[in-house]
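J.: Next comes input-v2.txt, compact mmCIF, C-alpha atoms:
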# COMPACT_ATOMS: atom_id res chain seq x y z
CA MET A 1 80.45 113.85 87.59
CA SER A 2 82.02 110.86 89.35
CA THR A 3 80.17 107.56 89.33
CA ARG A 4 82.82 105.80 91.41
CA PRO A 5 81.32 102.95 93.49
CA THR A 6 81.97 103.13 97.21
CA LYS A 7 84.36 100.16 97.08
CA LEU A 8 86.84 102.12 94.96
CA ARG A 9 89.40 104.27 96.73
CA PRO A 10 89.40 107.86 95.42
CA ILE A 11 92.33 108.94 93.29
CA PRO A 12 94.41 111.05 95.72
CA ALA A 13 94.80 114.78 95.16
CA HIS A 14 98.25 115.80 93.94
CA PRO A 15 99.81 119.09 92.74
CA LEU A 16 100.64 117.47 89.39
CA TYR A 17 97.18 115.99 88.81
CA VAL A 18 94.27 118.09 87.48
CA PRO A 19 91.15 115.91 87.14
CA GLU A 20 88.33 116.83 84.80
CA SER A 21 85.94 113.84 84.97
CA GLU A 22 85.77 110.15 85.73
CA GLU A 23 83.26 107.36 85.28
CA THR A 24 83.19 103.66 86.04
CA VAL A 25 82.75 101.85 82.73
CA TRP A 26 83.05 98.33 84.14
CA ASP A 27 82.15 97.34 87.70
CA GLY A 28 83.19 93.70 87.76
CA ARG A 29 85.79 92.01 89.92
CA PHE A 30 88.40 94.56 88.83
CA PRO A 31 86.60 97.80 87.90
CA VAL A 32 87.70 99.98 85.00
CA GLN A 33 87.38 103.77 85.13
CA ARG A 34 87.58 106.26 82.27
CA VAL A 35 89.39 109.30 83.57
CA ARG A 36 89.83 112.64 81.81
CA PHE A 37 92.63 114.74 83.27
CA ARG A 38 95.54 117.04 82.72
CA TYR A 39 98.90 117.03 84.45
CA ARG A 40 101.32 119.80 85.31
CA LYS A 41 104.49 119.73 83.24
CA ARG A 42 108.01 120.61 84.39
CA ASP A 43 107.66 124.23 83.33
CA GLY A 44 104.45 124.60 85.35
CA SER A 45 102.10 124.63 82.36
CA LEU A 46 99.26 122.15 81.98
CA SER A 47 99.21 119.35 79.45
CA GLY A 48 96.36 118.87 77.05
CA THR A 49 93.44 116.76 78.23
CA LEU A 50 94.15 113.03 78.37
CA THR A 51 91.58 110.23 78.50
CA TRP A 52 92.83 107.07 80.14
CA GLU A 53 91.18 103.78 81.04
CA LEU A 54 92.31 102.97 84.57
CA TRP A 55 92.17 99.34 85.72
CA ARG A 56 91.53 99.36 89.47
CA ARG A 57 93.19 96.14 90.70
CA GLY A 58 94.21 97.31 94.16
CA GLN A 59 96.97 95.63 96.17
CA GLY A 60 98.39 92.13 96.21
CA VAL A 61 101.12 90.02 97.76
CA ILE A 62 103.84 87.86 96.23
CA ILE A 63 105.38 85.10 98.35
CA LEU A 64 108.67 83.33 97.67
CA PRO A 65 108.87 80.28 99.99
CA TRP A 66 112.50 79.46 100.79
CA ASP A 67 113.92 76.68 102.97
CA PRO A 68 117.27 77.97 104.29
CA VAL A 69 118.20 74.51 105.57
CA THR A 70 117.92 72.65 102.24
CA ASP A 71 118.37 75.83 100.14
CA ARG A 72 115.32 75.08 98.02
CA VAL A 73 112.37 77.20 96.94
CA ALA A 74 108.76 76.34 96.21
CA LEU A 75 107.11 77.87 93.16
CA ILE A 76 103.72 77.04 91.70
CA GLU A 77 102.30 76.29 88.28
CA GLN A 78 98.91 77.77 87.43
CA PHE A 79 96.82 78.28 84.28
CA ARG A 80 96.78 81.95 83.26
CA LEU A 81 94.41 83.05 80.48
CA PRO A 82 96.14 86.45 79.93
CA ALA A 83 99.42 84.63 79.30
CA LEU A 84 97.75 82.59 76.57
CA ALA A 85 96.24 85.76 75.08
CA ALA A 86 99.75 87.27 74.98
CA GLY A 87 101.12 84.26 73.11
CA GLU A 88 102.89 82.79 76.14
CA GLU A 89 102.66 79.30 77.62
CA PRO A 90 99.48 79.51 79.76
CA LEU A 91 100.74 77.14 82.48
CA MET A 92 102.90 79.74 84.18
CA THR A 93 105.60 79.05 86.76
CA GLU A 94 105.32 81.76 89.38
CA CYS A 95 105.35 82.60 93.07
CA PRO A 96 102.30 82.06 95.24
CA ALA A 97 100.30 85.29 95.26
CA GLY A 98 97.00 86.80 96.26
CA LEU A 99 94.95 89.94 96.76
CA LEU A 100 94.72 91.91 99.98
CA GLU A 101 91.35 92.22 101.63
CA PRO A 102 90.42 95.84 102.50
CA ASP A 103 92.86 97.14 105.16
CA GLU A 104 94.52 93.71 105.49
CA ASN A 105 98.15 93.57 106.62
CA PRO A 106 100.35 92.36 103.71
CA VAL A 107 102.31 89.91 105.91
CA GLU A 108 99.13 88.29 107.23
CA CYS A 109 97.81 88.10 103.67
CA ALA A 110 101.08 86.45 102.60
CA ARG A 111 100.75 83.80 105.31
CA ARG A 112 97.14 83.08 104.32
CA GLU A 113 97.81 82.89 100.59
CA LEU A 114 100.87 80.68 101.08
CA THR A 115 98.80 78.06 102.88
CA GLU A 116 95.92 78.29 100.39
CA GLU A 117 98.12 77.89 97.32
CA THR A 118 100.84 75.51 98.57
CA GLY A 119 99.68 73.92 101.82
CA LEU A 120 102.87 75.25 103.46
CA THR A 121 103.14 77.18 106.71
CA ALA A 122 105.19 80.38 106.86
CA GLY A 123 107.85 80.92 109.49
CA ARG A 124 109.82 84.14 109.48
CA VAL A 125 109.10 86.72 106.79
CA ALA A 126 111.47 89.16 105.05
CA LYS A 127 110.10 92.03 102.99
CA ILE A 128 111.56 92.45 99.51
CA GLY A 129 109.72 95.62 98.54
CA THR A 130 106.55 97.12 97.09
CA PHE A 131 106.26 97.61 93.33
CA MET A 132 103.90 98.85 90.65
CA THR A 133 103.18 96.21 88.01
CA ILE A 134 101.41 98.06 85.16
CA GLN A 135 101.79 101.74 86.03
CA GLY A 136 100.73 102.71 82.50
CA GLY A 137 97.24 101.32 82.98
CA ALA A 138 96.52 99.86 86.42
CA ASP A 139 96.74 100.98 90.05
CA GLU A 140 98.01 97.58 91.22
CA ARG A 141 100.78 97.49 93.83
CA ILE A 142 102.37 94.23 94.94
CA HIS A 143 104.09 93.60 98.27
CA CYS A 144 106.84 91.00 97.75
CA HIS A 145 108.16 88.79 100.57
CA VAL A 146 110.47 85.86 101.15
CA VAL A 147 109.04 83.47 103.74
CA GLU A 148 110.80 80.76 105.69
CA VAL A 149 109.36 77.27 105.15
CA SER A 150 110.39 73.68 105.65
CA LEU A 151 110.49 71.80 102.35
CA ASP A 152 111.84 68.57 103.82
CA GLY A 153 109.91 65.79 102.12
CA VAL A 154 107.69 68.20 100.16
CA THR A 155 106.90 67.13 96.59
CA GLY A 156 104.51 68.43 93.97
CA SER A 157 100.93 68.69 95.17
CA SER A 158 97.77 70.34 93.91
CA ASN A 159 96.20 73.07 96.02
CA GLY A 160 94.04 76.17 95.60
CA LEU A 161 90.53 77.22 96.58
CA VAL A 162 87.84 75.00 95.10
CA SER A 163 85.36 77.88 95.51
CA GLU A 164 87.46 79.91 93.07
CA ASN A 165 88.06 77.00 90.64
CA GLU A 166 91.74 77.44 91.42
CA GLU A 167 94.37 74.76 90.91
CA THR A 168 97.98 75.42 91.87
CA THR A 169 100.69 72.78 91.63
CA VAL A 170 103.75 73.08 93.87
CA VAL A 171 107.15 72.90 92.17
CA VAL A 172 110.14 72.45 94.52
CA MET A 173 113.64 73.09 93.21
CA ASP A 174 117.12 74.03 94.35
CA ALA A 175 117.47 77.79 94.80
CA ALA A 176 120.44 77.76 92.40
CA GLU A 177 118.29 76.28 89.64
CA ALA A 178 115.55 78.87 90.25
CA PHE A 179 118.14 81.67 90.10
CA ALA A 180 119.40 80.31 86.78
CA MET A 181 115.85 80.18 85.40
CA ALA A 182 115.32 83.81 86.43
CA ASN A 183 118.61 84.95 84.91
CA ASP A 184 118.20 83.26 81.52
CA ASN A 185 114.53 84.22 81.06
CA ARG A 186 113.08 80.73 81.40
CA LEU A 187 110.77 82.24 84.01
CA ARG A 188 108.31 84.56 82.27
CA ASN A 189 106.63 85.93 85.41
CA ALA A 190 108.13 89.30 86.43
CA PRO A 191 107.27 89.24 90.18
CA ALA A 192 108.84 85.79 90.51
CA VAL A 193 112.00 87.02 88.80
CA ILE A 194 112.19 90.10 91.05
CA SER A 195 111.77 87.94 94.14
CA LEU A 196 114.33 85.34 93.09
CA LEU A 197 116.98 87.87 92.10
CA TRP A 198 116.48 89.64 95.44
CA LEU A 199 116.98 86.34 97.26
CA GLN A 200 120.06 85.59 95.19
CA VAL A 201 121.63 88.87 96.33
CA ASN A 202 120.48 88.64 99.96
CA GLN A 203 120.67 84.88 100.51
CA ALA A 204 123.80 84.79 102.71
CA ARG A 205 122.63 87.68 104.89
CA LEU A 206 119.15 86.24 105.31
CA ARG A 207 120.48 82.77 106.19
CA ALA A 208 122.69 84.32 108.87
CA GLU A 209 119.75 86.29 110.31
CA TRP A 210 117.50 83.22 110.35
CA SER A 211 120.08 80.78 111.75
Could you rewrite the structure in this file as structure tokens?
T.:
Amino acid sequence: MSTRPTKLRPIPAHPLYVPESEETVWDGRFPVQRVRFRYRKRDGSLSGTLTWELWRRGQGVIILPWDPVTDRVALIEQFRLPALAAGEEPLMTECPAGLLEPDENPVECARRELTEETGLTAGRVAKIGTFMTIQGGADERIHCHVVEVSLDGVTGSSNGLVSENEETTVVVMDAAEAFAMANDNRLRNAPAVISLLWLQVNQARLRAEWS
């Protein structure tokens, strides 16, 4: 019997998915469900029963602020406990990001989160794509965007929501330097690398469209 709280979206029906049971085992900020299910294999037969813990993170946005005039980008530094637990440097360099409110438009969320985390104002917005982040354990999808900003005179500043004990420090650099960091693995944050490599490929086209 399902004990899913009303705030969780149901797992959609699908011809490959044969549910047996589910229960919410943690109902905190990001609920965790224990789901027992089988799936239909290529030959049409059913798999054995699997028991998975499903982390229900929902949807988020990633924002890469780019100034096409000065050809610079703005990233942020932020303390990340999971990075420390993984043995990484906990002060991660990453893109501004945030979670969508229920039924919120991803572009509007991107504009809001950009201002909250950097103090910058978004101009035009280009969609990079939508991606799964941890498809082996979480339902999270991220909507990645490049946003037009003016970085003239912008230097490092601390931002973030005090109510969430959040501190984000803006890091402005030449786009070429950010591309190099993404390519040689100095950036350890996957969504930032995806966004930067997309911009590296599409930079000339986007500049022409935004000129």
J.: Which residue is closest to Gln59 (chain A)? Choose from A:Asn105, A:Ser21, A:Ser150, A:Asn202 and count all atoms listed in the file.
T.: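 For Gln59 (chain A), the nearest of the given residues is A:Asn105.
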J.: Which one of A:Glu77, A:Glu177, A:Glu20, A:Glu140 sits closest to Gly48 (chain A) if you count all atoms listed in the file?
T.: A:Glu20
J.: Determine, counting only C-alpha atoms, every residue of protein, DNA or RNA that lies within 9 Å of (107.3, 88.3, 107.2) in the file coordinates, then give the result as a list of chain:residue names.
T.: A:Pro106, A:Val107, A:Glu108, A:Ala110, A:Arg111, A:Ala122, A:Gly123, A:Arg124, A:Val125, A:Ala126, A:Lys127, A:His145, A:Val146, A:Val147, A:Glu148
J.: If I put a ball of radius 12 Å at (109.9, 79.1, 103.4) in the file's coordinates, which residues poke into it when counting only C-alpha atoms, written as an mmCIF file with C-alpha atoms, in the frame of the given file?
T.:
data_model
loop_
_atom_site.group_PDB
_atom_site.id
_atom_site.type_symbol
_atom_site.label_atom_id
_atom_site.label_comp_id
_atom_site.auth_asym_id
_atom_site.auth_seq_id
_atom_site.Cartn_x
_atom_site.Cartn_y
_atom_site.Cartn_z
ATOM 1 C CA ILE A 63 105.380 85.100 98.350
ATOM 2 C CA LEU A 64 108.670 83.330 97.670
ATOM 3 C CA PRO A 65 108.870 80.280 99.990
ATOM 4 C CA TRP A 66 112.500 79.460 100.790
ATOM 5 C CA ASP A 67 113.920 76.680 102.970
ATOM 6 C CA PRO A 68 117.270 77.970 104.290
ATOM 7 C CA VAL A 69 118.200 74.510 105.570
ATOM 8 C CA THR A 70 117.920 72.650 102.240
ATOM 9 C CA ASP A 71 118.370 75.830 100.140
ATOM 10 C CA ARG A 72 115.320 75.080 98.020
ATOM 11 C CA VAL A 73 112.370 77.200 96.940
ATOM 12 C CA ALA A 74 108.760 76.340 96.210
ATOM 13 C CA LEU A 75 107.110 77.870 93.160
ATOM 14 C CA CYS A 95 105.350 82.600 93.070
ATOM 15 C CA PRO A 96 102.300 82.060 95.240
ATOM 16 C CA ALA A 110 101.080 86.450 102.600
ATOM 17 C CA ARG A 111 100.750 83.800 105.310
ATOM 18 C CA LEU A 114 100.870 80.680 101.080
ATOM 19 C CA THR A 115 98.800 78.060 102.880
ATOM 20 C CA THR A 118 100.840 75.510 98.570
ATOM 21 C CA GLY A 119 99.680 73.920 101.820
ATOM 22 C CA LEU A 120 102.870 75.250 103.460
ATOM 23 C CA THR A 121 103.140 77.180 106.710
ATOM 24 C CA ALA A 122 105.190 80.380 106.860
ATOM 25 C CA GLY A 123 107.850 80.920 109.490
ATOM 26 C CA ARG A 124 109.820 84.140 109.480
ATOM 27 C CA VAL A 125 109.100 86.720 106.790
ATOM 28 C CA ALA A 126 111.470 89.160 105.050
ATOM 29 C CA HIS A 145 108.160 88.790 100.570
ATOM 30 C CA VAL A 146 110.470 85.860 101.150
ATOM 31 C CA VAL A 147 109.040 83.470 103.740
ATOM 32 C CA GLU A 148 110.800 80.760 105.690
ATOM 33 C CA VAL A 149 109.360 77.270 105.150
ATOM 34 C CA SER A 150 110.390 73.680 105.650
ATOM 35 C CA LEU A 151 110.490 71.800 102.350
ATOM 36 C CA ASP A 152 111.840 68.570 103.820
ATOM 37 C CA VAL A 154 107.690 68.200 100.160
ATOM 38 C CA VAL A 172 110.140 72.450 94.520
ATOM 39 C CA ALA A 175 117.470 77.790 94.800
ATOM 40 C CA LEU A 199 116.980 86.340 97.260
ATOM 41 C CA LEU A 206 119.150 86.240 105.310
ATOM 42 C CA ARG A 207 120.480 82.770 106.190
ATOM 43 C CA TRP A 210 117.500 83.220 110.350
#
J.: Could you tell me how far CA of Val170 (chain A) lies from CA of Glu94 (chain A), in Å and to one decimal?
T.: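 We find that CA of Val170 (chain A) and CA of Glu94 (chain A) lie 9.9 Å from each other.
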J.: Any chance you could work out the axis-aligned box around region 123-140 of chain A, listed atoms only, 8 Å on each side, giving centre and edge lengths in Å to one decimal, as JSON?
T.:
{"center_x": 104.0, "center_y": 91.8, "center_z": 96.0, "size_x": 31.0, "size_y": 37.8, "size_z": 43.0}
